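Structure data (PDB, C-alpha atoms) from my_file.pdb:
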MODEL        1
ATOM      1  CA  MET A  19       0.000   0.000   0.000
ATOM      2  CA  GLU A  20       1.273   3.498  -0.832
ATOM      3  CA  ALA A  21       2.782   5.311   2.141
ATOM      4  CA  PRO A  22       0.629   8.024   3.777
ATOM      5  CA  ASP A  23       1.140  11.500   2.394
ATOM      6  CA  ILE A  24       1.813  14.578   4.497
ATOM      7  CA  ARG A  25      -1.885  15.416   4.815
ATOM      8  CA  LEU A  26      -2.667  12.028   6.370
ATOM      9  CA  LEU A  27       0.205  12.455   8.828
ATOM     10  CA  GLN A  28      -1.266  15.829   9.788
ATOM     11  CA  VAL A  29      -4.644  14.165  10.351
ATOM     12  CA  PHE A  30      -2.994  11.603  12.650
ATOM     13  CA  ASP A  31      -1.169  14.310  14.614
ATOM     14  CA  GLU A  32      -4.248  16.497  14.993
ATOM     15  CA  ILE A  33      -6.479  13.628  16.179
ATOM     16  CA  TYR A  34      -3.757  12.675  18.662
ATOM     17  CA  LYS A  35      -3.714  16.239  20.022
ATOM     18  CA  THR A  36      -7.454  16.931  20.066
ATOM     19  CA  ARG A  37      -8.833  13.419  20.614
ATOM     20  CA  SER A  38     -11.659  14.560  18.328
ATOM     21  CA  VAL A  39     -12.525  14.019  14.641
ATOM     22  CA  SER A  40     -14.714  17.144  14.566
ATOM     23  CA  ARG A  41     -12.046  19.415  16.085
ATOM     24  CA  THR A  42      -9.452  17.912  13.753
ATOM     25  CA  ALA A  43     -11.661  18.768  10.793
ATOM     26  CA  GLU A  44     -12.117  22.309  12.110
ATOM     27  CA  ASN A  45      -8.400  22.868  12.787
ATOM     28  CA  LEU A  46      -7.333  21.493   9.401
ATOM     29  CA  GLU A  47     -10.217  23.247   7.620
ATOM     30  CA  LEU A  48     -11.500  19.986   6.172
ATOM     31  CA  SER A  49     -14.866  18.229   6.359
ATOM     32  CA  GLN A  50     -15.512  15.518   8.944
ATOM     33  CA  PRO A  51     -16.087  12.895   6.216
ATOM     34  CA  THR A  52     -12.676  13.774   4.745
ATOM     35  CA  ILE A  53     -11.046  13.261   8.165
ATOM     36  CA  SER A  54     -12.892   9.943   8.616
ATOM     37  CA  ILE A  55     -11.720   8.777   5.176
ATOM     38  CA  GLY A  56      -8.168   9.799   6.047
ATOM     39  CA  LEU A  57      -8.297   7.955   9.350
ATOM     40  CA  GLY A  58      -9.576   4.879   7.510
ATOM     41  CA  LYS A  59      -6.567   5.004   5.175
ATOM     42  CA  LEU A  60      -4.192   5.294   8.140
ATOM     43  CA  ARG A  61      -5.851   2.322   9.854
ATOM     44  CA  SER A  62      -5.490   0.231   6.697
ATOM     45  CA  TYR A  63      -1.854   1.202   6.225
ATOM     46  CA  PHE A  64      -0.793   0.520   9.821
ATOM     47  CA  ASN A  65      -3.208  -2.404  10.240
ATOM     48  CA  ASP A  66      -4.367  -0.968  13.539
ATOM     49  CA  PRO A  67      -7.421   1.029  14.745
ATOM     50  CA  LEU A  68      -5.008   3.766  15.959
ATOM     51  CA  PHE A  69      -7.802   5.707  17.714
ATOM     52  CA  VAL A  70     -10.862   4.251  19.446
ATOM     53  CA  ARG A  71     -13.915   6.013  20.845
ATOM     54  CA  THR A  72     -14.072   6.297  24.626
ATOM     55  CA  SER A  73     -16.009   8.456  27.057
ATOM     56  CA  GLY A  74     -13.052  10.861  26.972
ATOM     57  CA  GLY A  75     -12.801  11.064  23.171
ATOM     58  CA  MET A  76     -10.714   9.319  20.529
ATOM     59  CA  GLU A  77      -7.999   7.631  22.548
ATOM     60  CA  PRO A  78      -4.817   6.328  20.864
ATOM     61  CA  THR A  79      -3.976   2.649  20.809
ATOM     62  CA  PRO A  80      -0.489   1.528  21.926
ATOM     63  CA  HIS A  81       0.484   1.409  18.233
ATOM     64  CA  ALA A  82      -0.605   5.038  17.763
ATOM     65  CA  ALA A  83       1.252   6.067  20.913
ATOM     66  CA  ALA A  84       4.412   4.514  19.466
ATOM     67  CA  LEU A  85       3.894   6.260  16.137
ATOM     68  CA  VAL A  86       3.289   9.803  17.361
ATOM     69  CA  ARG A  87       6.916  10.738  17.966
ATOM     70  CA  PRO A  88       8.356   9.605  14.583
ATOM     71  CA  ILE A  89       5.320  11.099  12.773
ATOM     72  CA  ARG A  90       5.843  14.466  14.477
ATOM     73  CA  GLU A  91       9.558  14.313  13.687
ATOM     74  CA  ALA A  92       8.695  13.614  10.047
ATOM     75  CA  LEU A  93       6.237  16.532   9.976
ATOM     76  CA  GLU A  94       8.804  18.870  11.515
ATOM     77  CA  LEU A  95      11.423  17.790   8.983
ATOM     78  CA  LEU A  96       8.956  18.377   6.146
ATOM     79  CA  ARG A  97       8.124  21.823   7.540
ATOM     80  CA  LYS A  98      11.815  22.711   7.572
ATOM     81  CA  VAL A  99      12.330  21.429   4.045
ATOM     82  CA  THR A 100       9.273  23.127   2.528
ATOM     83  CA  GLY A 101       9.845  26.351   4.437
ATOM     84  CA  HIS A 102      13.602  26.509   3.884
ATOM     85  CA  GLN A 103      14.782  29.448   1.814
ATOM     86  CA  LEU A 104      18.341  30.610   1.367
ATOM     87  CA  ARG A 105      18.824  34.233   2.247
ATOM     88  CA  PHE A 106      21.676  36.653   1.726
ATOM     89  CA  ASP A 107      21.989  39.780   3.825
ATOM     90  CA  PRO A 108      24.925  41.823   2.505
ATOM     91  CA  ALA A 109      25.160  43.822   5.715
ATOM     92  CA  THR A 110      26.001  40.709   7.758
ATOM     93  CA  ALA A 111      27.197  38.209   5.127
ATOM     94  CA  ASP A 112      30.598  36.618   5.710
ATOM     95  CA  ARG A 113      31.368  35.207   2.287
ATOM     96  CA  THR A 114      34.078  35.188  -0.364
ATOM     97  CA  PHE A 115      33.034  35.818  -3.968
ATOM     98  CA  ARG A 116      35.375  34.694  -6.726
ATOM     99  CA  ILE A 117      35.186  36.753  -9.907
ATOM    100  CA  CYS A 118      36.944  35.833 -13.148
ATOM    101  CA  MET A 119      37.907  38.936 -15.085
ATOM    102  CA  THR A 120      40.429  40.332 -17.528
ATOM    103  CA  ASP A 121      43.213  42.566 -16.337
ATOM    104  CA  ILE A 122      41.399  45.427 -18.105
ATOM    105  CA  SER A 123      38.457  44.822 -15.789
ATOM    106  CA  GLN A 124      40.849  44.674 -12.853
ATOM    107  CA  ILE A 125      42.166  48.091 -13.816
ATOM    108  CA  VAL A 126      38.930  49.790 -14.869
ATOM    109  CA  LEU A 127      35.999  48.017 -13.167
ATOM    110  CA  LEU A 128      37.344  46.385 -10.018
ATOM    111  CA  PRO A 129      38.045  49.594  -8.044
ATOM    112  CA  ARG A 130      34.435  50.744  -8.442
ATOM    113  CA  LEU A 131      33.063  47.295  -7.621
ATOM    114  CA  LEU A 132      35.251  46.969  -4.534
ATOM    115  CA  ALA A 133      34.228  50.421  -3.286
ATOM    116  CA  ARG A 134      30.525  49.516  -3.561
ATOM    117  CA  VAL A 135      30.986  46.115  -1.899
ATOM    118  CA  ARG A 136      33.008  47.572   0.984
ATOM    119  CA  VAL A 137      30.111  49.871   1.841
ATOM    120  CA  ALA A 138      27.190  47.501   1.247
ATOM    121  CA  ALA A 139      28.792  44.277   2.521
ATOM    122  CA  PRO A 140      31.747  45.098   4.818
ATOM    123  CA  GLN A 141      32.515  41.459   5.698
ATOM    124  CA  VAL A 142      32.406  40.172   2.104
ATOM    125  CA  ARG A 143      35.718  39.348   0.409
ATOM    126  CA  ILE A 144      36.514  39.296  -3.320
ATOM    127  CA  ASP A 145      38.914  36.822  -4.869
ATOM    128  CA  VAL A 146      39.902  37.701  -8.449
ATOM    129  CA  ALA A 147      41.016  35.137 -11.034
ATOM    130  CA  ASP A 148      42.037  35.634 -14.660
ATOM    131  CA  ILE A 149      39.661  34.597 -17.432
ATOM    132  CA  SER A 150      41.101  31.513 -19.119
ATOM    133  CA  ALA A 151      40.103  28.356 -20.936
ATOM    134  CA  ALA A 152      39.255  26.866 -17.522
ATOM    135  CA  THR A 153      36.771  29.618 -16.617
ATOM    136  CA  PRO A 154      33.634  27.764 -17.830
ATOM    137  CA  LYS A 155      34.535  24.805 -15.600
ATOM    138  CA  THR A 156      35.124  27.008 -12.563
ATOM    139  CA  LEU A 157      31.734  28.675 -13.078
ATOM    140  CA  GLU A 158      30.018  25.317 -13.459
ATOM    141  CA  SER A 159      31.645  23.881 -10.336
ATOM    142  CA  GLY A 160      31.000  26.961  -8.214
ATOM    143  CA  GLU A 161      34.696  27.693  -7.728
ATOM    144  CA  ALA A 162      33.900  31.043  -9.364
ATOM    145  CA  ASP A 163      30.672  32.992  -8.998
ATOM    146  CA  ILE A 164      30.699  35.176 -12.128
ATOM    147  CA  ALA A 165      32.972  36.122 -15.019
ATOM    148  CA  LEU A 166      33.268  39.612 -16.511
ATOM    149  CA  GLY A 167      34.470  39.973 -20.072
ATOM    150  CA  PHE A 168      33.979  38.907 -23.676
ATOM    151  CA  MET A 169      33.326  35.156 -23.739
ATOM    152  CA  PRO A 170      31.335  34.140 -26.841
ATOM    153  CA  GLN A 171      32.665  30.585 -26.495
ATOM    154  CA  LEU A 172      30.416  29.793 -23.523
ATOM    155  CA  GLU A 173      27.988  26.995 -24.359
ATOM    156  CA  ALA A 174      24.579  25.910 -23.074
ATOM    157  CA  GLY A 175      24.081  26.077 -19.331
ATOM    158  CA  PHE A 176      25.310  29.646 -18.890
ATOM    159  CA  PHE A 177      23.422  32.868 -18.374
ATOM    160  CA  GLN A 178      24.784  36.210 -19.489
ATOM    161  CA  GLN A 179      23.921  39.885 -19.166
ATOM    162  CA  LYS A 180      25.279  42.655 -21.344
ATOM    163  CA  LEU A 181      27.007  45.406 -19.382
ATOM    164  CA  PHE A 182      28.324  47.688 -22.129
ATOM    165  CA  SER A 183      29.708  47.729 -25.662
ATOM    166  CA  GLN A 184      33.327  48.410 -26.519
ATOM    167  CA  HIS A 185      35.320  49.213 -29.600
ATOM    168  CA  PHE A 186      39.041  49.372 -30.271
ATOM    169  CA  ILE A 187      41.289  52.360 -30.677
ATOM    170  CA  CYS A 188      45.005  52.790 -31.300
ATOM    171  CA  MET A 189      47.480  54.095 -28.785
ATOM    172  CA  ALA A 190      50.947  55.585 -29.242
ATOM    173  CA  SER A 191      53.372  57.746 -27.301
ATOM    174  CA  ARG A 192      52.859  61.518 -27.306
ATOM    175  CA  ASP A 193      56.563  61.700 -28.116
ATOM    176  CA  HIS A 194      56.354  59.285 -31.038
ATOM    177  CA  PRO A 195      58.936  60.414 -33.629
ATOM    178  CA  ARG A 196      56.667  59.924 -36.668
ATOM    179  CA  ILE A 197      53.005  59.898 -35.588
ATOM    180  CA  ARG A 198      51.437  63.276 -34.881
ATOM    181  CA  GLU A 199      47.768  64.318 -34.992
ATOM    182  CA  LYS A 200      46.454  61.392 -37.025
ATOM    183  CA  LEU A 201      47.403  57.765 -37.528
ATOM    184  CA  SER A 202      47.377  56.914 -41.239
ATOM    185  CA  LEU A 203      46.876  53.479 -42.731
ATOM    186  CA  LYS A 204      50.440  53.655 -44.099
ATOM    187  CA  GLN A 205      51.808  54.330 -40.626
ATOM    188  CA  PHE A 206      49.633  51.584 -39.170
ATOM    189  CA  ARG A 207      51.168  49.136 -41.641
ATOM    190  CA  GLU A 208      54.759  50.280 -41.289
ATOM    191  CA  GLU A 209      55.144  51.091 -37.583
ATOM    192  CA  SER A 210      56.043  48.466 -35.001
ATOM    193  CA  HIS A 211      53.228  47.045 -32.875
ATOM    194  CA  LEU A 212      52.763  45.740 -29.369
ATOM    195  CA  LEU A 213      50.206  42.912 -29.235
ATOM    196  CA  VAL A 214      48.284  41.880 -26.118
ATOM    197  CA  THR A 215      47.074  38.269 -26.137
ATOM    198  CA  ALA A 216      44.860  38.285 -23.007
ATOM    199  CA  SER A 217      41.728  36.113 -22.935
ATOM    200  CA  GLY A 218      38.279  37.630 -22.596
ATOM    201  CA  THR A 219      39.146  40.966 -24.227
ATOM    202  CA  GLY A 220      38.005  40.383 -27.805
ATOM    203  CA  HIS A 221      41.448  40.845 -29.321
ATOM    204  CA  TRP A 222      41.081  37.822 -31.555
ATOM    205  CA  ILE A 223      38.340  39.647 -33.481
ATOM    206  CA  VAL A 224      40.902  42.356 -34.291
ATOM    207  CA  ASP A 225      43.145  39.661 -35.752
ATOM    208  CA  LYS A 226      40.234  38.433 -37.913
ATOM    209  CA  VAL A 227      39.668  41.923 -39.315
ATOM    210  CA  MET A 228      43.371  42.224 -40.098
ATOM    211  CA  GLU A 229      43.201  38.934 -42.009
ATOM    212  CA  GLN A 230      40.128  40.065 -43.941
ATOM    213  CA  HIS A 231      41.954  43.239 -45.006
ATOM    214  CA  LYS A 232      45.109  41.243 -45.735
ATOM    215  CA  LEU A 233      46.859  43.605 -43.368
ATOM    216  CA  GLU A 234      49.875  42.238 -41.552
ATOM    217  CA  ARG A 235      51.107  44.187 -38.549
ATOM    218  CA  ARG A 236      54.800  44.413 -37.696
ATOM    219  CA  ILE A 237      54.509  42.878 -34.238
ATOM    220  CA  VAL A 238      57.750  43.221 -32.295
ATOM    221  CA  LEU A 239      56.407  42.605 -28.778
ATOM    222  CA  ARG A 240      53.730  40.244 -27.458
ATOM    223  CA  VAL A 241      52.566  40.438 -23.841
ATOM    224  CA  PRO A 242      49.958  38.308 -22.029
ATOM    225  CA  GLY A 243      48.119  41.181 -20.379
ATOM    226  CA  PHE A 244      47.469  44.905 -20.175
ATOM    227  CA  LEU A 245      49.211  45.667 -16.874
ATOM    228  CA  GLY A 246      52.069  48.053 -17.565
ATOM    229  CA  LEU A 247      50.920  48.615 -21.135
ATOM    230  CA  GLY A 248      50.661  52.386 -20.805
ATOM    231  CA  ALA A 249      54.226  52.769 -19.595
ATOM    232  CA  MET A 250      55.550  50.508 -22.358
ATOM    233  CA  VAL A 251      53.780  52.492 -25.079
ATOM    234  CA  ALA A 252      54.682  55.868 -23.573
ATOM    235  CA  SER A 253      58.390  55.016 -23.480
ATOM    236  CA  THR A 254      58.704  53.403 -26.946
ATOM    237  CA  ASP A 255      57.651  53.985 -30.541
ATOM    238  CA  LEU A 256      55.266  51.017 -30.502
ATOM    239  CA  ILE A 257      51.575  51.156 -31.439
ATOM    240  CA  ALA A 258      48.979  49.180 -29.467
ATOM    241  CA  VAL A 259      45.350  48.420 -30.287
ATOM    242  CA  VAL A 260      43.312  48.543 -27.070
ATOM    243  CA  PRO A 261      39.674  48.738 -25.939
ATOM    244  CA  ARG A 262      38.607  52.371 -25.636
ATOM    245  CA  ILE A 263      37.665  52.030 -21.961
ATOM    246  CA  LEU A 264      41.277  51.193 -21.136
ATOM    247  CA  GLY A 265      42.777  53.800 -23.454
ATOM    248  CA  GLU A 266      40.686  56.569 -21.888
ATOM    249  CA  LEU A 267      41.973  55.603 -18.460
ATOM    250  CA  LEU A 268      45.636  55.271 -19.485
ATOM    251  CA  VAL A 269      45.726  58.592 -21.347
ATOM    252  CA  LYS A 270      45.149  60.306 -17.982
ATOM    253  CA  ARG A 271      48.146  58.538 -16.443
ATOM    254  CA  GLU A 272      50.773  58.248 -19.163
ATOM    255  CA  ARG A 273      52.244  60.340 -21.962
ATOM    256  CA  ILE A 274      50.215  58.635 -24.649
ATOM    257  CA  HIS A 275      47.807  59.732 -27.341
ATOM    258  CA  LEU A 276      44.708  57.934 -28.604
ATOM    259  CA  TYR A 277      43.960  57.560 -32.315
ATOM    260  CA  GLU A 278      41.005  56.252 -34.232
ATOM    261  CA  SER A 279      41.988  53.153 -36.155
ATOM    262  CA  PRO A 280      42.631  53.765 -39.877
ATOM    263  CA  ILE A 281      40.592  50.613 -40.597
ATOM    264  CA  LYS A 282      37.133  49.909 -39.182
ATOM    265  CA  LEU A 283      37.407  47.626 -36.179
ATOM    266  CA  PRO A 284      34.415  45.721 -34.738
ATOM    267  CA  THR A 285      32.648  46.411 -31.474
ATOM    268  CA  TYR A 286      32.108  43.729 -28.876
ATOM    269  CA  GLN A 287      29.993  43.335 -25.765
ATOM    270  CA  VAL A 288      31.335  43.068 -22.246
ATOM    271  CA  LYS A 289      29.033  40.830 -20.232
ATOM    272  CA  GLN A 290      28.756  39.155 -16.882
ATOM    273  CA  HIS A 291      28.384  35.387 -17.091
ATOM    274  CA  TRP A 292      27.227  32.792 -14.571
ATOM    275  CA  HIS A 293      26.193  29.142 -14.592
ATOM    276  CA  GLU A 294      22.553  28.106 -14.357
ATOM    277  CA  ARG A 295      23.309  26.050 -11.207
ATOM    278  CA  TYR A 296      23.747  29.316  -9.307
ATOM    279  CA  HIS A 297      21.097  31.385 -11.073
ATOM    280  CA  HIS A 298      18.840  31.363  -7.987
ATOM    281  CA  ASP A 299      21.569  31.563  -5.350
ATOM    282  CA  PRO A 300      20.741  34.723  -3.327
ATOM    283  CA  GLY A 301      24.389  35.709  -2.876
ATOM    284  CA  ASN A 302      25.138  35.277  -6.564
ATOM    285  CA  GLN A 303      22.010  37.263  -7.424
ATOM    286  CA  TRP A 304      23.111  40.099  -5.142
ATOM    287  CA  LEU A 305      26.575  40.240  -6.693
ATOM    288  CA  ARG A 306      25.144  40.253 -10.228
ATOM    289  CA  ARG A 307      22.744  43.030  -9.259
ATOM    290  CA  VAL A 308      25.590  45.163  -7.908
ATOM    291  CA  VAL A 309      27.628  44.623 -11.100
ATOM    292  CA  ALA A 310      24.628  45.522 -13.268
ATOM    293  CA  GLU A 311      23.872  48.676 -11.264
ATOM    294  CA  LEU A 312      27.466  49.829 -11.609
ATOM    295  CA  PHE A 313      28.262  48.975 -15.208
ATOM    296  CA  CYS A 314      25.123  48.487 -17.325
ATOM    297  CA  GLU A 315      24.845  51.114 -20.032
TER     298      GLU A 315
ENDMDL
END
Exercise: express the given structure as structure tokens:
Amino acid sequence: MEAPDIRLLQVFDEIYKTRSVSRTAENLELSQPTISIGLGKLRSYFNDPLFVRTSGGMEPTPHAAALVRPIREALELLRKVTGHQLRFDPATADRTFRICMTDISQIVLLPRLLARVRVAAPQVRIDVADISAATPKTLESGEADIALGFMPQLEAGFFQQKLFSQHFICMASRDHPRIREKLSLKQFREESHLLVTASGTGHWIVDKVMEQHKLERRIVLRVPGFLGLGAMVASTDLIAVVPRILGELLVKRERIHLYESPIKLPTYQVKQHWHERYHHDPGNQWLRRVVAELFCE
């Protein structure tokens, strides 16, 4: 016979407490016939009368007396399970969030994000990791909470939210011996270039455009990231192609000048990414909301 459902266990518990079918029906907001049917099912399942009529009401049999404790424990466990909801209170949360991001994001976005988190969630810590080929796995496993950058390679199972669009510009030293007010296509072809190969920054789409135009840059220096890029460009005669958001920050710090590219370069979208396993996690939702409030266009 199929095991009693939660409603039948509630009927048992209420009869045990009230010693009355009518009061049980009233307390559970059910009809007396429904309670009698439920009691009949319980009697069949346990092969015992469970409750018998006496001058003092419906008294439990020894079998019912033995059942009441485990049934109440089961009901309490079910109440905890059905009523359990994860909550995240940033004001009191003691949690570490791991964010995968490019070094551009570390330079441009992270200071603003950290400032907001320090005010809203003073006990929360941020652990930053570089975007890499392993990032999808770390998001899926929960080792990382979100990733910020350009990651079109993410497959099914991931959510994403656009933060802002970016396009590329060229950067050269203010003291460059040959480039002045404008960067010509001839100069772009003939001058030496610095190439950044960081993941998550969309630089591979620049390479595709160069191939389409059959334009080969004279690359004399390759670096894995953007840290220190401004100083390298300012102190050499190298040209670098960078996202505008980074160029606009570096031009305030270094002796560099920004130039529109002599060939049309594509735009790309910077997004925050997370795995569907953590879509409903309250802490993850809070972090995504903060990122969106800060950086959505």
Point-to-point distance from atom CA of A:His221 to atom CA of A:Tyr296, Å rounded to tenths: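 Computing the Euclidean distance for atom CA of A:His221 and atom CA of A:Tyr296 yields 29.1 Å.
Residues captured in this structure file are A:Phe106, A:Asp107, A:Pro108, A:Ala109, A:Thr110, A:Ala111, A:Asp112, A:Thr114, A:Phe115, A:Arg116, A:Val135, A:Ala139, A:Pro140, A:Gln141, A:Val142, A:Arg143, A:Ile144, A:Asp145, A:Asp163, A:Gly301, A:Asn302, A:Leu305, according to the PyMOL selection byres ((chain A and resi 113) around 12).
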Might you spell out which residues the PyMOL selection byres ((chain A and resi 53-56) around 12) would select in the displayed file, as a PyMOL selection string? chain A and resi 22-33+38-52+57-63+69
Is there a way to get, as number ranges by chain, all residues within 10 Å of the point (34.7, 45.2, -8.2) in file coordinates, counting all atoms listed in the file? A: 117, 119, 123-136, 144-146, 305, 308-309, 312
Apply the PyMOL selection byres ((chain A and resi 149) around 7) to the file shown and report the selected residues as a ChimeraX atom specification. /A:118-120,147-148,150,153,217-218
May I have the residues from that selection written out with C-alpha atoms, as a PDB file, in the frame of the given file?
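Once everything was written out, this is part14.pdb:
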ATOM      1  CA  CYS A 118      36.944  35.833 -13.148  1.00  0.00           C
ATOM      2  CA  MET A 119      37.907  38.936 -15.085  1.00  0.00           C
ATOM      3  CA  THR A 120      40.429  40.332 -17.528  1.00  0.00           C
ATOM      4  CA  ALA A 147      41.016  35.137 -11.034  1.00  0.00           C
ATOM      5  CA  ASP A 148      42.037  35.634 -14.660  1.00  0.00           C
ATOM      6  CA  SER A 150      41.101  31.513 -19.119  1.00  0.00           C
ATOM      7  CA  THR A 153      36.771  29.618 -16.617  1.00  0.00           C
ATOM      8  CA  SER A 217      41.728  36.113 -22.935  1.00  0.00           C
ATOM      9  CA  GLY A 218      38.279  37.630 -22.596  1.00  0.00           C
TER      10      GLY A 218
END
So, with only C-alpha atoms as the atoms that count, which of A:Phe177, A:Phe186, A:Phe313, A:Phe206 lies closest to A:Leu283?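 That would be A:Phe186, the residue with the smallest distance to A:Leu283.
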Would you pick out the contacts of stretch 224-229 of chain A at 9 Å or less, using all atoms listed in the file, so that residues sharing its chain but fewer than 6 positions from it are not included, and give the list as an MDAnalysis selection string? chainID A and resid 186 235 259 281:284
Write out as a list in words each polymer residue whose atoms come within 7 Å of stretch 187-191 of chain A, counting all atoms listed in the file; drop sequence neighbours fewer than 4 positions from it.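 My list of contacting residues is Val251, Ala252, Ser253, Thr254, Asp255, Leu256, Ile257, Ala258, Val259, Val260, Pro261, Arg262, Arg273, Ile274, His275, Leu276, Tyr277, Glu278 and Ser279 of chain A.
Take atom CA of A:Asp299 and atom CA of A:Pro170: the distance between them is 23.7 Å.
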